[in-house]
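**Q** Just passing along the structure, written as structure tokens.
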Amino acid sequence: MADNGADGEQTKKEAGNAGAKSPSHIASALTTMAGGILAMATLIGFFLHLSGDVAHSTYLTEMGVPAALFPQATDAKIIHGYYVVIIQGIRLISDIPWSIVFTMIGMSTLSIVIARAPIKENTAIRGWLERRSYWIRQPIVALLGSAVFLSAAASIGCFVLLLAIVPGLVGEKFGKSKADETKKLLLAEASAKTSQLWKDSERLAEGRVIETSDSWIAIYDSDLRMVRVLKNDEVEIRTVLSPAT
């Protein structure tokens, strides 16, 4: 009976210890989850920022406007990148080089399989190596290990490089497409004369404003049929409102 009572007390103590460990396990799991979410948010932010920056720079360059004169704020780049990636999701999927992606995944899978392959204790190769001298056996073993390690490292590096290239590729495609659409719109005479730039009582240009900043204004001059970049020195922009459709 005494032994049964001792066993019962021991069981209760173990249950209490298990209950005491549960909060720490939950806290550890929550910390890991928060770290994963933070890493994912950082990666997504980098993706959106790079996509928006490349799309904006490509658009201005294709329009003949120096992109360095019209910098974007960080939040504007992320919003622009969101539009590029989310709204233009179909273009994103089509622009990804899937052959390279599947090749990298295949190489990574092969490396993991080779690294985790079971090794038999007394194989012919192992026996042959054990019969060789140290100066012959060790270079061969080191060479095989280096080959597996370098193969895995190369696969991971290529995959990371691919992730870094995709945002720029998507942004560039979107910027060129937007520039082409804008050029078609500007070549239409009716849509080219929507804004006027005035300084005091002098009209500087008439056309469509492409981009503005605190110091510069880029405008397509419909009279000259050229893109002009003017100093934003107390310049007034007058825009003609088009009828609602």
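Letters A, B, ... go to the chains of the structure tokens in the order shown; residues in each chain start at 1; ligands are counted from 1 in the same order.
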Quick one: everything within 8 Å of stretch 33-47 of chain A, counting only C-alpha atoms, minus sequence neighbours fewer than 6 positions away in the same chain. Send it as JSON, numbers by chain.
**A** {"A": [78, 81, 164, 167]}
**Q** Next, write the just-selected residues to a file, as a compact mmCIF listing (two decimals), in the first residue's frame, keeping all heavy atoms as the atom set.
**A**
# COMPACT_ATOMS: atom_id res chain seq x y z
N ILE A 78 7.21 50.72 -52.17
CA ILE A 78 6.54 49.50 -51.71
C ILE A 78 5.11 49.44 -52.27
O ILE A 78 4.65 48.37 -52.72
CB ILE A 78 6.53 49.45 -50.18
CG1 ILE A 78 7.98 49.30 -49.66
CG2 ILE A 78 5.67 48.30 -49.67
CD1 ILE A 78 8.08 49.29 -48.16
N GLY A 81 5.41 48.64 -55.84
CA GLY A 81 5.75 47.22 -55.95
C GLY A 81 4.55 46.32 -55.69
O GLY A 81 4.41 45.27 -56.33
N ALA A 164 16.49 36.89 -55.92
CA ALA A 164 16.88 38.30 -56.01
C ALA A 164 16.67 38.87 -57.41
O ALA A 164 16.46 40.07 -57.58
CB ALA A 164 18.35 38.45 -55.60
N PRO A 167 12.35 39.90 -58.68
CA PRO A 167 11.72 41.22 -58.51
C PRO A 167 12.18 42.23 -59.55
O PRO A 167 11.37 43.00 -60.07
CB PRO A 167 12.15 41.63 -57.09
CG PRO A 167 12.45 40.36 -56.40
CD PRO A 167 13.01 39.45 -57.44
**Q** Report, in Å with one decimal, the straight-line distance from atom CA of A:Thr239 to atom CA of A:Tyr82.
**A** 28.4 Å
**Q** Measure the distance from atom CA of A:Leu187 to atom CA of A:Thr212 in Å and round it to one decimal.
**A**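 According to the coordinates, atom CA of A:Leu187 and atom CA of A:Thr212 are separated by 20.5 Å.
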**Q** Quick one: pick out all helix (DSSP H, G or I) residues within stretch 13-238 of chain A from a backbone DSSP run and write them as a PyMOL selection string.
**A** chain A and resi 13-62+67-69+74-87+89-95+98-115+124-131+134-187+189-192
